[in-house]
file work13.txt (compact mmCIF, C-alpha atoms and all ligand atoms)
# COMPACT_ATOMS: atom_id res chain seq x y z
CA MET A 1 -5.45 28.89 -3.30
CA SER A 2 -2.62 28.58 -0.79
CA TYR A 3 -2.10 25.12 0.61
CA THR A 4 -1.71 24.01 4.23
CA TYR A 5 -1.65 20.25 3.68
CA LEU A 6 -0.09 19.86 0.23
CA PHE A 7 3.60 20.31 -0.53
CA GLY A 8 5.78 19.87 -3.56
CA PRO A 9 5.72 18.24 -6.00
CA VAL A 10 9.07 17.03 -4.68
CA ALA A 11 11.61 14.69 -6.25
CA SER A 12 11.20 11.61 -4.07
CA ARG A 13 14.08 9.17 -4.17
CA ARG A 14 11.68 6.25 -3.95
CA LEU A 15 8.63 7.37 -5.88
CA GLY A 16 9.61 9.95 -8.50
CA LEU A 17 7.78 13.26 -8.76
CA SER A 18 5.52 13.20 -5.74
CA LEU A 19 2.78 15.48 -4.47
CA GLY A 20 3.06 15.30 -0.67
CA VAL A 21 -0.13 15.31 1.38
CA ASP A 22 0.72 16.07 4.97
CA ILE A 23 -2.15 14.71 7.07
CA VAL A 24 -0.57 14.93 10.54
CA PRO A 25 0.84 18.15 11.99
CA ALA A 26 4.44 18.61 13.10
CA LYS A 27 5.37 16.63 14.90
CA VAL A 28 2.90 14.01 16.01
CA CYS A 29 4.25 10.47 15.98
CA ASN A 30 4.38 7.35 18.10
CA LEU A 31 8.12 7.12 17.42
CA ASN A 32 10.95 9.61 17.83
CA CYS A 33 13.53 8.21 15.43
CA VAL A 34 17.09 9.45 15.84
CA TYR A 35 17.33 10.08 12.11
CA CYS A 36 13.95 11.80 11.60
CA GLU A 37 14.24 14.61 9.06
CA CYS A 38 11.15 16.31 10.55
CA GLY A 39 13.08 16.90 13.78
CA LYS A 40 12.25 15.73 17.29
CA THR A 41 8.77 14.38 18.05
CA THR A 42 6.92 16.94 20.13
CA VAL A 43 3.68 14.97 20.58
CA LEU A 44 4.60 11.32 21.26
CA SER A 45 1.18 9.74 20.85
CA ALA A 46 -0.57 6.66 19.51
CA GLU A 47 -3.98 8.30 19.63
CA ARG A 48 -5.90 7.89 16.35
CA LYS A 49 -8.13 10.85 15.58
CA GLU A 50 -8.64 13.58 12.96
CA TRP A 51 -5.30 15.27 13.57
CA ALA A 52 -6.04 17.32 10.43
CA PRO A 53 -9.58 17.71 8.99
CA PRO A 54 -10.11 15.38 6.01
CA LEU A 55 -12.57 17.77 4.32
CA ALA A 56 -9.98 20.58 4.29
CA ILE A 57 -7.33 18.20 2.90
CA ILE A 58 -9.76 17.00 0.23
CA ALA A 59 -10.60 20.61 -0.76
CA GLU A 60 -6.90 21.30 -1.37
CA LEU A 61 -6.44 18.08 -3.35
CA SER A 62 -9.51 18.87 -5.43
CA ASP A 63 -8.14 22.33 -6.26
CA PHE A 64 -4.60 21.14 -7.09
CA LEU A 65 -5.39 17.97 -9.01
CA ALA A 66 -8.05 19.73 -11.12
CA THR A 67 -5.14 21.40 -12.96
CA SER A 68 -3.95 17.94 -14.15
CA PRO A 69 -0.39 18.38 -12.82
CA LYS A 70 2.35 16.09 -14.09
CA LEU A 71 3.03 13.72 -11.19
CA ASP A 72 4.28 10.18 -10.65
CA VAL A 73 2.39 9.76 -7.40
CA VAL A 74 0.22 11.35 -4.71
CA THR A 75 1.89 10.44 -1.43
CA ILE A 76 0.07 10.49 1.89
CA THR A 77 2.61 11.24 4.54
CA GLY A 78 2.92 13.62 7.44
CA SER A 79 5.23 15.63 9.61
CA GLY A 80 4.73 12.57 11.81
CA GLU A 81 2.85 9.27 11.35
CA PRO A 82 -0.04 9.57 8.84
CA THR A 83 -1.95 6.46 9.98
CA LEU A 84 -2.69 8.30 13.25
CA ASN A 85 -5.20 10.38 11.26
CA THR A 86 -8.55 8.53 11.16
CA GLY A 87 -9.45 10.60 8.08
CA ILE A 88 -6.86 8.74 5.98
CA ASP A 89 -9.50 6.47 4.38
CA ALA A 90 -11.58 9.46 3.25
CA VAL A 91 -8.55 11.25 1.77
CA VAL A 92 -7.20 8.34 -0.27
CA SER A 93 -10.70 7.27 -1.36
CA PHE A 94 -11.28 10.79 -2.68
CA VAL A 95 -8.14 10.66 -4.84
CA LYS A 96 -8.95 7.16 -6.13
CA GLN A 97 -12.52 8.06 -7.03
CA SER A 98 -12.12 11.61 -8.32
CA PHE A 99 -8.65 11.40 -9.91
CA PRO A 100 -8.19 7.70 -10.73
CA GLY A 101 -5.29 8.43 -13.11
CA TYR A 102 -2.95 9.18 -10.21
CA THR A 103 -1.02 6.51 -8.31
CA THR A 104 -1.36 6.73 -4.54
CA ALA A 105 1.30 5.83 -1.98
CA LEU A 106 1.41 5.66 1.80
CA LEU A 107 4.62 6.38 3.70
CA THR A 108 4.22 4.92 7.18
CA ASN A 109 6.34 3.74 10.08
CA GLY A 110 4.29 0.52 9.97
CA THR A 111 3.68 0.41 13.71
CA LEU A 112 -0.12 0.53 13.42
CA LEU A 113 -0.53 -2.13 10.73
CA SER A 114 -1.33 -4.53 13.56
CA LEU A 115 -4.71 -2.73 13.79
CA PRO A 116 -7.41 -4.08 11.40
CA GLU A 117 -8.76 -0.56 10.72
CA VAL A 118 -5.31 0.69 9.68
CA ARG A 119 -4.77 -2.35 7.44
CA ARG A 120 -8.15 -1.63 5.82
CA ALA A 121 -7.09 1.95 5.08
CA ALA A 122 -3.67 0.84 3.78
CA HIS A 123 -5.37 -1.56 1.34
CA LEU A 124 -6.83 1.47 -0.47
CA PHE A 125 -3.36 2.57 -1.67
CA ASP A 126 -1.52 1.43 -4.80
CA CYS A 127 1.77 1.36 -2.96
CA VAL A 128 2.56 1.05 0.77
CA LEU A 129 6.02 1.82 2.11
CA PRO A 130 6.44 0.85 5.77
CA SER A 131 9.68 1.09 7.73
CA LEU A 132 11.46 -1.49 9.85
CA ASP A 133 14.76 -0.53 11.45
CA ALA A 134 15.11 -2.90 14.40
CA VAL A 135 13.88 -6.17 15.84
CA SER A 136 15.44 -6.45 19.31
CA ASP A 137 13.82 -4.32 22.02
CA GLU A 138 17.17 -2.73 22.84
CA THR A 139 17.88 -1.55 19.28
CA PHE A 140 14.23 -0.56 18.70
CA SER A 141 14.51 1.73 21.75
CA LYS A 142 17.77 3.24 20.54
CA VAL A 143 16.92 3.89 16.90
CA ASN A 144 13.15 4.54 17.00
CA ARG A 145 12.73 5.74 20.63
CA PRO A 146 9.08 4.52 20.69
CA LEU A 147 6.13 5.44 22.83
CA ARG A 148 6.10 3.16 25.88
CA GLY A 149 4.17 -0.04 25.21
CA LEU A 150 5.00 -0.38 21.51
CA ASP A 151 6.36 -3.84 20.90
CA SER A 152 8.55 -4.63 17.90
CA ALA A 153 7.38 -8.27 17.68
CA ALA A 154 3.73 -7.14 17.40
CA ILE A 155 4.71 -4.50 14.81
CA ILE A 156 6.54 -7.05 12.66
CA ALA A 157 3.57 -9.45 12.93
CA GLY A 158 1.24 -6.62 11.80
CA ILE A 159 3.39 -5.76 8.78
CA ALA A 160 3.68 -9.46 7.87
CA GLN A 161 -0.09 -9.94 8.13
CA PHE A 162 -0.69 -6.91 5.91
CA ALA A 163 1.89 -8.21 3.41
CA ARG A 164 0.08 -11.54 3.15
CA GLU A 165 -3.26 -9.83 2.40
CA TYR A 166 -2.11 -6.92 0.21
CA LYS A 167 -2.20 -7.03 -3.60
CA GLY A 168 -0.39 -3.71 -4.25
CA ARG A 169 3.30 -2.81 -4.13
CA LEU A 170 4.84 -3.21 -0.68
CA TRP A 171 8.33 -1.78 -0.29
CA LEU A 172 10.00 -2.01 3.11
CA GLU A 173 12.47 0.69 4.13
CA VAL A 174 15.34 -0.14 6.47
CA PHE A 175 17.18 2.92 7.72
CA ILE A 176 20.77 2.14 8.73
CA VAL A 177 22.27 4.09 11.62
CA PRO A 178 25.90 2.98 11.97
CA GLY A 179 26.78 1.82 15.47
CA VAL A 180 23.10 1.51 16.41
CA ASN A 181 21.27 -1.03 14.21
CA ASP A 182 24.06 -2.54 12.09
CA SER A 183 25.50 -5.15 14.48
CA LEU A 184 25.71 -8.69 13.10
CA ASN A 185 23.14 -9.84 15.64
CA GLU A 186 20.61 -7.11 14.74
CA LEU A 187 21.12 -7.61 11.02
CA ALA A 188 20.48 -11.35 11.43
CA LEU A 189 17.25 -10.60 13.30
CA LEU A 190 16.26 -8.06 10.63
CA LYS A 191 16.95 -10.59 7.88
CA GLY A 192 14.64 -13.10 9.57
CA ALA A 193 11.89 -10.48 9.93
CA ILE A 194 12.29 -9.33 6.32
CA LEU A 195 12.05 -12.88 5.00
CA SER A 196 8.87 -13.44 7.07
CA ILE A 197 7.32 -10.24 5.63
CA ALA A 198 8.50 -10.98 2.05
CA PRO A 199 8.11 -7.41 0.68
CA GLY A 200 8.43 -6.70 -3.04
CA ARG A 201 11.51 -4.60 -2.32
CA VAL A 202 13.74 -3.82 0.65
CA GLN A 203 15.09 -0.30 0.37
CA LEU A 204 18.22 0.44 2.39
CA ASN A 205 18.45 4.04 3.38
CA THR A 206 20.80 6.16 5.44
CA LEU A 207 21.10 9.77 6.52
CA ASP A 208 21.53 12.23 3.69
CA ARG A 209 19.95 15.28 5.28
CA PRO A 210 19.98 16.58 8.84
CA GLY A 211 18.19 14.29 11.29
CA ALA A 212 16.75 14.70 14.79
CA SER A 213 19.99 13.74 16.51
CA ALA A 214 23.33 15.36 15.73
CA SER A 215 25.21 12.16 16.71
CA VAL A 216 23.85 10.17 13.75
CA ARG A 217 26.24 9.71 10.86
CA PRO A 218 25.41 8.32 7.42
CA ALA A 219 26.46 4.78 6.50
CA THR A 220 29.16 4.68 3.83
CA THR A 221 28.52 3.10 0.43
CA ALA A 222 30.79 0.19 1.42
CA GLU A 223 28.79 -0.39 4.64
CA LEU A 224 25.50 -0.31 2.74
CA LEU A 225 26.81 -2.75 0.13
CA ASP A 226 27.96 -5.17 2.86
CA ILE A 227 24.55 -4.98 4.55
CA ALA A 228 22.71 -5.46 1.24
CA ASN A 229 24.79 -8.57 0.55
CA PHE A 230 24.12 -9.89 4.05
CA LEU A 231 20.34 -9.45 3.68
CA ARG A 232 20.11 -11.25 0.33
CA PRO A 233 18.21 -13.27 -0.98
CA ALA A 234 15.78 -10.54 0.15
CA PRO A 235 15.24 -8.15 -2.83
CA VAL A 236 17.46 -5.37 -1.49
CA GLU A 237 18.25 -2.12 -3.22
CA ILE A 238 20.19 0.85 -1.92
CA ILE A 239 18.23 4.02 -2.47
CA SER A 240 20.29 7.06 -3.30
CA ARG A 241 19.32 10.58 -4.07
CA ALA A 242 18.00 10.75 -7.63
CA TYR A 243 16.44 13.47 -9.62
CA THR A 244 13.50 13.30 -11.95
CA ALA A 245 12.11 15.65 -14.55
CA PRO A 246 11.28 19.10 -13.19
CA ALA A 247 7.77 20.00 -12.09
CA ALA A 248 5.91 22.81 -13.85
CA SER A 249 7.89 25.93 -13.02
CA VAL A 250 6.82 28.27 -10.24
CA GLY A 251 6.55 31.99 -11.12
CA ASP A 252 8.68 34.73 -9.53
CA SER A 253 5.91 35.83 -7.17
CA ALA A 254 5.52 32.34 -5.65
CA LEU A 255 9.20 31.29 -5.67
CA ALA A 256 10.11 32.33 -2.11
CA SER A 257 6.86 31.02 -0.60
CA THR A 258 7.22 27.65 -2.40
CA ILE A 259 10.80 27.31 -1.12
CA LEU A 260 9.77 28.18 2.44
CA ALA A 261 6.77 25.79 2.39
CA THR A 262 9.07 22.96 1.27
CA LEU A 263 11.79 23.78 3.84
CA ARG A 264 9.25 23.84 6.67
CA ARG A 265 8.72 20.14 5.99
CA ARG A 266 12.25 18.92 5.34
CA PRO A 267 15.76 20.21 4.80
CA CYS A 268 16.74 20.36 1.11
CA THR A 269 19.70 21.04 -1.12
CA VAL A 270 19.48 23.72 -3.79
CA GLU A 271 19.18 20.90 -6.36
CA ASP A 272 16.15 19.42 -4.50
CA LEU A 273 14.55 22.85 -4.49
CA ALA A 274 15.25 23.46 -8.17
CA VAL A 275 13.28 20.28 -8.96
CA THR A 276 10.42 21.32 -6.67
CA THR A 277 10.20 24.82 -8.10
CA GLY A 278 10.94 23.79 -11.69
CA ARG A 279 13.31 26.78 -11.89
CA PRO A 280 16.98 26.80 -12.90
CA ILE A 281 19.45 26.27 -10.06
CA ASN A 282 20.71 29.88 -10.43
CA ASP A 283 17.21 31.32 -9.87
CA THR A 284 16.59 28.99 -6.95
CA ALA A 285 20.00 29.78 -5.41
CA SER A 286 19.35 33.55 -5.71
CA ALA A 287 15.95 33.25 -4.01
CA LEU A 288 17.54 31.09 -1.30
CA SER A 289 20.35 33.53 -0.58
CA LEU A 290 17.81 36.34 -0.16
CA LEU A 291 15.85 34.18 2.29
CA VAL A 292 19.07 33.37 4.18
CA LYS A 293 19.95 37.08 4.37
CA ARG A 294 16.50 37.89 5.75
CA GLY A 295 16.88 35.18 8.40
CA GLY A 296 14.03 32.94 7.22
CA VAL A 297 16.32 30.12 6.12
CA SER A 298 19.36 28.53 7.77
CA VAL A 299 22.17 26.45 6.28
CA ARG A 300 23.84 23.26 7.57
CA ILE A 301 26.59 21.16 6.03
CA VAL A 302 25.92 17.41 6.29
CA ALA A 303 28.26 14.82 4.79
CA GLY A 304 29.72 17.53 2.56
CA ASP A 305 26.34 18.68 1.23
CA ARG A 306 24.79 22.07 1.94
CA PHE A 307 21.24 21.72 3.30
CA TYR A 308 18.80 24.56 3.73
CA GLY A 309 16.10 24.54 6.39
CA ALA A 310 13.41 26.87 7.77
CA ALA A 311 15.07 29.01 10.47
S1 LIG A 401 11.03 9.04 10.84
FE1 LIG A 401 8.81 8.75 10.65
S2 LIG A 401 8.35 7.33 12.28
FE2 LIG A 401 10.32 8.15 12.77
S3 LIG A 401 9.90 9.90 14.12
FE3 LIG A 401 10.02 10.68 12.02
S4 LIG A 401 7.92 10.71 11.33
FE4 LIG A 401 7.98 9.37 13.12

call {"tool": "encode", "arguments": {"input": "work13.txt", "output": "structure tokens", "more": "lines below"}}
Ligand code: SF4
result
Amino acid sequence: MSYTYLFGPVASRRLGLSLGVDIVPAKVCNLNCVYCECGKTTVLSAERKEWAPPLAIIAELSDFLATSPKLDVVTITGSGEPTLNTGIDAVVSFVKQSFPGYTTALLTNGTLLSLPEVRRAAHLFDCVLPSLDAVSDETFSKVNRPLRGLDSAAIIAGIAQFAREYKGRLWLEVFIVPGVNDSLNELALLKGAILSIAPGRVQLNTLDRPGASASVRPATTAELLDIANFLRPAPVEIISRAYTAPAASVGDSALASTILATLRRRPCTVEDLAVTTGRPINDTASALSLLVKRGGVSVRIVAGDRFYGAA
């Protein structure tokens, strides 16, 4: 079976070996973050509906998980914001009921946790990872470029309410864009919001692959360490690219298509792709150079690293 909604397993920096379940098409989101690795938002929308059919997603999950793949987590995400899909409850409930051995995680921008129906869906996951990059309206506009009408105070209140109710693991991601959301004033506001949410972890992130805006640069290690120290006593960690054990290896006939399916979702290094394909770096690099020659894959250098993307 070829998959439209599943991708990976990929080596997730935050979750380990993760099967991605992409429940919103590219690129539907209510934000248009400057750092977004899925590129610019093309459908800026807060409409909740079945952006992808839950029964089709469930059929793919049923097929893939029936092979008992080695995974750390099944991650509901999207080439956009997954909580916009009203079928999210059905998808996660299916995994919990039919494959209870797998951990489930939700990657979300957190903006819709103010809605009771979205909080109800999020409660079904073992792990929820919302984002919070800004508190002031001015910085929220600059870093997340939201749909008109979204209000950061209401978003923070929604995340905090969910955090009070939720019994699973709640890890808050803060994405640092130097010169945009790292002023002393914004960091003080962020610290106050983080302490009111009281997540199990605060994960500081920065650009390590091409984002939506070419003007964004990654924060340096020294900058991230300073910010982490400033935000303490919040439980801050700096997340860096890490690799986990390889997935089951992909055969020669599926190597190029697996690489292309992964690159359509996010830019990757050859090392990322070697983990996803479970093939040695040399094999993966050879398949990549063929794809580059044929024009299906492009290359960009970011912060000294070579990233491949779908052309
Ligand atoms: S980073 Fe997430 S929230 Fe921001 S634009 Fe991309 S998909 Fe949307």

call {"tool": "closest_residue", "arguments": {"input": "work13.txt", "among": "A:Val74, A:Leu112, A:Val92, A:Leu291", "to": "ligand LIG 401 (chain A)", "atoms": "only C-alpha atoms and all ligand atoms"}}
result
A:Leu112

call {"tool": "atom_distance", "arguments": {"input": "work13.txt", "atom1": "CA of Ala122 in chain A", "atom2": "CA of Ile23 in chain A"}}
result
14.3 Å

call {"tool": "closest_residue", "arguments": {"input": "work13.txt", "among": "A:Arg266, A:Lys167, A:Lys49, A:Arg148", "to": "ligand LIG 401 (chain A)", "atoms": "only C-alpha atoms and all ligand atoms"}}
result
A:Arg266

call {"tool": "atom_distance", "arguments": {"input": "work13.txt", "atom1": "CA of Thr77 in chain A", "atom2": "CA of Ala157 in chain A"}}
result
22.3 Å

call {"tool": "residues_around", "arguments": {"input": "work13.txt", "residues": "Glu223 in chain A", "least_positions_apart": "2", "cutoff": "12 Å", "atoms": "all atoms listed in the file", "output": "mmCIF file with C-alpha atoms, in the frame of the given file"}}
result
data_model
loop_
_atom_site.group_PDB
_atom_site.id
_atom_site.type_symbol
_atom_site.label_atom_id
_atom_site.label_comp_id
_atom_site.auth_asym_id
_atom_site.auth_seq_id
_atom_site.Cartn_x
_atom_site.Cartn_y
_atom_site.Cartn_z
ATOM 1 C CA ILE A 176 20.770 2.140 8.730
ATOM 2 C CA VAL A 177 22.270 4.090 11.620
ATOM 3 C CA PRO A 178 25.900 2.980 11.970
ATOM 4 C CA GLY A 179 26.780 1.820 15.470
ATOM 5 C CA ASP A 182 24.060 -2.540 12.090
ATOM 6 C CA SER A 183 25.500 -5.150 14.480
ATOM 7 C CA LEU A 204 18.220 0.440 2.390
ATOM 8 C CA ASN A 205 18.450 4.040 3.380
ATOM 9 C CA THR A 206 20.800 6.160 5.440
ATOM 10 C CA PRO A 218 25.410 8.320 7.420
ATOM 11 C CA ALA A 219 26.460 4.780 6.500
ATOM 12 C CA THR A 220 29.160 4.680 3.830
ATOM 13 C CA THR A 221 28.520 3.100 0.430
ATOM 14 C CA LEU A 225 26.810 -2.750 0.130
ATOM 15 C CA ASP A 226 27.960 -5.170 2.860
ATOM 16 C CA ILE A 227 24.550 -4.980 4.550
ATOM 17 C CA ALA A 228 22.710 -5.460 1.240
ATOM 18 C CA ASN A 229 24.790 -8.570 0.550
ATOM 19 C CA PHE A 230 24.120 -9.890 4.050
ATOM 20 C CA ILE A 238 20.190 0.850 -1.920
#

call {"tool": "closest_residue", "arguments": {"input": "work13.txt", "among": "A:Phe64, A:Phe140, A:Phe99, A:Phe175", "to": "Ser2 in chain A", "atoms": "only C-alpha atoms"}}
result
A:Phe64

call {"tool": "residues_near_ligand", "arguments": {"input": "work13.txt", "ligand": "ligand LIG 401 (chain A)", "cutoff": "6 Å", "atoms": "only C-alpha atoms and all ligand atoms", "output": "PDB file with C-alpha atoms, keeping the file's coordinate frame"}}
result
ATOM      1  CA  CYS A  29       4.250  10.470  15.980  1.00  0.00           C
ATOM      2  CA  LEU A  31       8.120   7.120  17.420  1.00  0.00           C
ATOM      3  CA  ASN A  32      10.950   9.610  17.830  1.00  0.00           C
ATOM      4  CA  CYS A  33      13.530   8.210  15.430  1.00  0.00           C
ATOM      5  CA  CYS A  36      13.950  11.800  11.600  1.00  0.00           C
ATOM      6  CA  CYS A  38      11.150  16.310  10.550  1.00  0.00           C
ATOM      7  CA  SER A  79       5.230  15.630   9.610  1.00  0.00           C
ATOM      8  CA  GLY A  80       4.730  12.570  11.810  1.00  0.00           C
ATOM      9  CA  GLU A  81       2.850   9.270  11.350  1.00  0.00           C
ATOM     10  CA  ASN A 109       6.340   3.740  10.080  1.00  0.00           C
TER      11      ASN A 109
END

call {"tool": "axis_aligned_box", "arguments": {"input": "work13.txt", "around": "range 11-28 of chain A", "padding_each_side": "5 Å", "output": "AutoDock Vina command-line options"}}
result
--center_x 6.0 --center_y 12.4 --center_z 3.6 --size_x 26.2 --size_y 22.4 --size_z 34.8

call {"tool": "closest_residue", "arguments": {"input": "work13.txt", "among": "A:Leu172, A:Leu129, A:Leu44, A:Val24", "to": "Ile88 in chain A", "atoms": "all atoms listed in the file"}}
result
A:Val24

call {"tool": "closest_residue", "arguments": {"input": "work13.txt", "among": "A:Val43, A:Ala222, A:Cys127, A:Ala234", "to": "Lys27 in chain A", "atoms": "all atoms listed in the file"}}
result
A:Val43

call {"tool": "closest_residue", "arguments": {"input": "work13.txt", "among": "A:Ala274, A:Ala198, A:Leu124, A:Leu263", "to": "Thr103 in chain A", "atoms": "all atoms listed in the file"}}
result
A:Leu124

call {"tool": "residues_around", "arguments": {"input": "work13.txt", "residues": "Ile156 in chain A", "least_positions_apart": "3", "cutoff": "8 Å", "atoms": "only C-alpha atoms", "output": "number ranges by chain"}}
result
A: 132, 152-153, 159-160, 193, 197

call {"tool": "residues_around", "arguments": {"input": "work13.txt", "residues": "Arg169 in chain A", "least_positions_apart": "5", "cutoff": "12 Å", "atoms": "all atoms listed in the file", "output": "mmCIF file with C-alpha atoms, keeping the file's coordinate frame"}}
result
data_model
loop_
_atom_site.group_PDB
_atom_site.id
_atom_site.type_symbol
_atom_site.label_atom_id
_atom_site.label_comp_id
_atom_site.auth_asym_id
_atom_site.auth_seq_id
_atom_site.Cartn_x
_atom_site.Cartn_y
_atom_site.Cartn_z
ATOM 1 C CA LEU A 15 8.630 7.370 -5.880
ATOM 2 C CA THR A 103 -1.020 6.510 -8.310
ATOM 3 C CA THR A 104 -1.360 6.730 -4.540
ATOM 4 C CA ALA A 105 1.300 5.830 -1.980
ATOM 5 C CA LEU A 106 1.410 5.660 1.800
ATOM 6 C CA ALA A 122 -3.670 0.840 3.780
ATOM 7 C CA HIS A 123 -5.370 -1.560 1.340
ATOM 8 C CA LEU A 124 -6.830 1.470 -0.470
ATOM 9 C CA PHE A 125 -3.360 2.570 -1.670
ATOM 10 C CA ASP A 126 -1.520 1.430 -4.800
ATOM 11 C CA CYS A 127 1.770 1.360 -2.960
ATOM 12 C CA VAL A 128 2.560 1.050 0.770
ATOM 13 C CA LEU A 129 6.020 1.820 2.110
ATOM 14 C CA PRO A 130 6.440 0.850 5.770
ATOM 15 C CA PHE A 162 -0.690 -6.910 5.910
ATOM 16 C CA ALA A 163 1.890 -8.210 3.410
ATOM 17 C CA ARG A 164 0.080 -11.540 3.150
ATOM 18 C CA ALA A 198 8.500 -10.980 2.050
ATOM 19 C CA PRO A 199 8.110 -7.410 0.680
ATOM 20 C CA GLY A 200 8.430 -6.700 -3.040
ATOM 21 C CA ARG A 201 11.510 -4.600 -2.320
ATOM 22 C CA VAL A 202 13.740 -3.820 0.650
#

call {"tool": "residues_around", "arguments": {"input": "work13.txt", "residues": "Pro25 in chain A", "least_positions_apart": "6", "cutoff": "12 Å", "atoms": "only C-alpha atoms", "output": "VMD selection string"}}
result
chain A and resid 4 to 6 38 41 to 43 50 to 53 77 to 82 84 to 85 264 to 265

call {"tool": "residues_around", "arguments": {"input": "work13.txt", "residues": "Pro9 in chain A", "least_positions_apart": "3", "cutoff": "8 Å", "atoms": "all atoms listed in the file", "output": "ChimeraX atom specification"}}
result
/A:17-20,71,247,276

call {"tool": "atom_distance", "arguments": {"input": "work13.txt", "atom1": "CA of Tyr35 in chain A", "atom2": "CA of Thr108 in chain A"}}
result
14.9 Å

call {"tool": "decode", "arguments": {"input": "work13.txt", "residues": "range 7-24 of chain A", "atoms": "N, CA and C atoms", "output": "short mmCIF file (atom, residue, chain, number, x, y, z; two decimals), in the first residue's frame"}}
result
data_model
loop_
_atom_site.label_atom_id
_atom_site.label_comp_id
_atom_site.auth_asym_id
_atom_site.auth_seq_id
_atom_site.Cartn_x
_atom_site.Cartn_y
_atom_site.Cartn_z
N PHE A 7 4.08 9.28 7.06
CA PHE A 7 5.45 9.48 6.59
C PHE A 7 6.43 9.02 7.67
N GLY A 8 7.63 8.70 7.21
CA GLY A 8 8.63 8.18 8.12
C GLY A 8 8.59 6.67 8.20
N PRO A 9 9.00 6.09 9.34
CA PRO A 9 9.37 6.75 10.58
C PRO A 9 10.57 7.69 10.41
N VAL A 10 10.50 8.81 11.14
CA VAL A 10 11.57 9.80 11.10
C VAL A 10 12.19 9.90 12.50
N ALA A 11 13.46 10.34 12.53
CA ALA A 11 14.13 10.53 13.81
C ALA A 11 13.74 11.90 14.33
N SER A 12 12.78 11.93 15.25
CA SER A 12 12.33 13.21 15.79
C SER A 12 13.25 13.60 16.95
N ARG A 13 13.65 14.87 16.95
CA ARG A 13 14.54 15.32 18.02
C ARG A 13 13.87 15.23 19.38
N ARG A 14 12.55 15.35 19.39
CA ARG A 14 11.84 15.44 20.67
C ARG A 14 11.23 14.11 21.10
N LEU A 15 10.97 13.24 20.14
CA LEU A 15 10.15 12.07 20.47
C LEU A 15 10.80 10.74 20.14
N GLY A 16 11.96 10.75 19.49
CA GLY A 16 12.57 9.47 19.10
C GLY A 16 12.07 9.05 17.73
N LEU A 17 11.99 7.74 17.51
CA LEU A 17 11.59 7.23 16.20
C LEU A 17 10.07 7.36 16.05
N SER A 18 9.67 8.24 15.16
CA SER A 18 8.27 8.67 15.12
C SER A 18 7.64 8.40 13.77
N LEU A 19 6.46 7.74 13.81
CA LEU A 19 5.65 7.63 12.60
C LEU A 19 4.81 8.90 12.50
N GLY A 20 5.00 9.68 11.44
CA GLY A 20 4.23 10.91 11.26
C GLY A 20 2.89 10.62 10.60
N VAL A 21 1.85 11.23 11.13
CA VAL A 21 0.52 11.11 10.54
C VAL A 21 0.07 12.52 10.21
N ASP A 22 0.01 12.78 8.91
CA ASP A 22 -0.16 14.14 8.41
C ASP A 22 -1.65 14.35 8.12
N ILE A 23 -2.37 15.00 9.04
CA ILE A 23 -3.83 15.02 8.91
C ILE A 23 -4.38 16.34 8.35
N VAL A 24 -3.46 17.22 7.94
CA VAL A 24 -3.89 18.48 7.32
C VAL A 24 -3.01 18.70 6.09
#
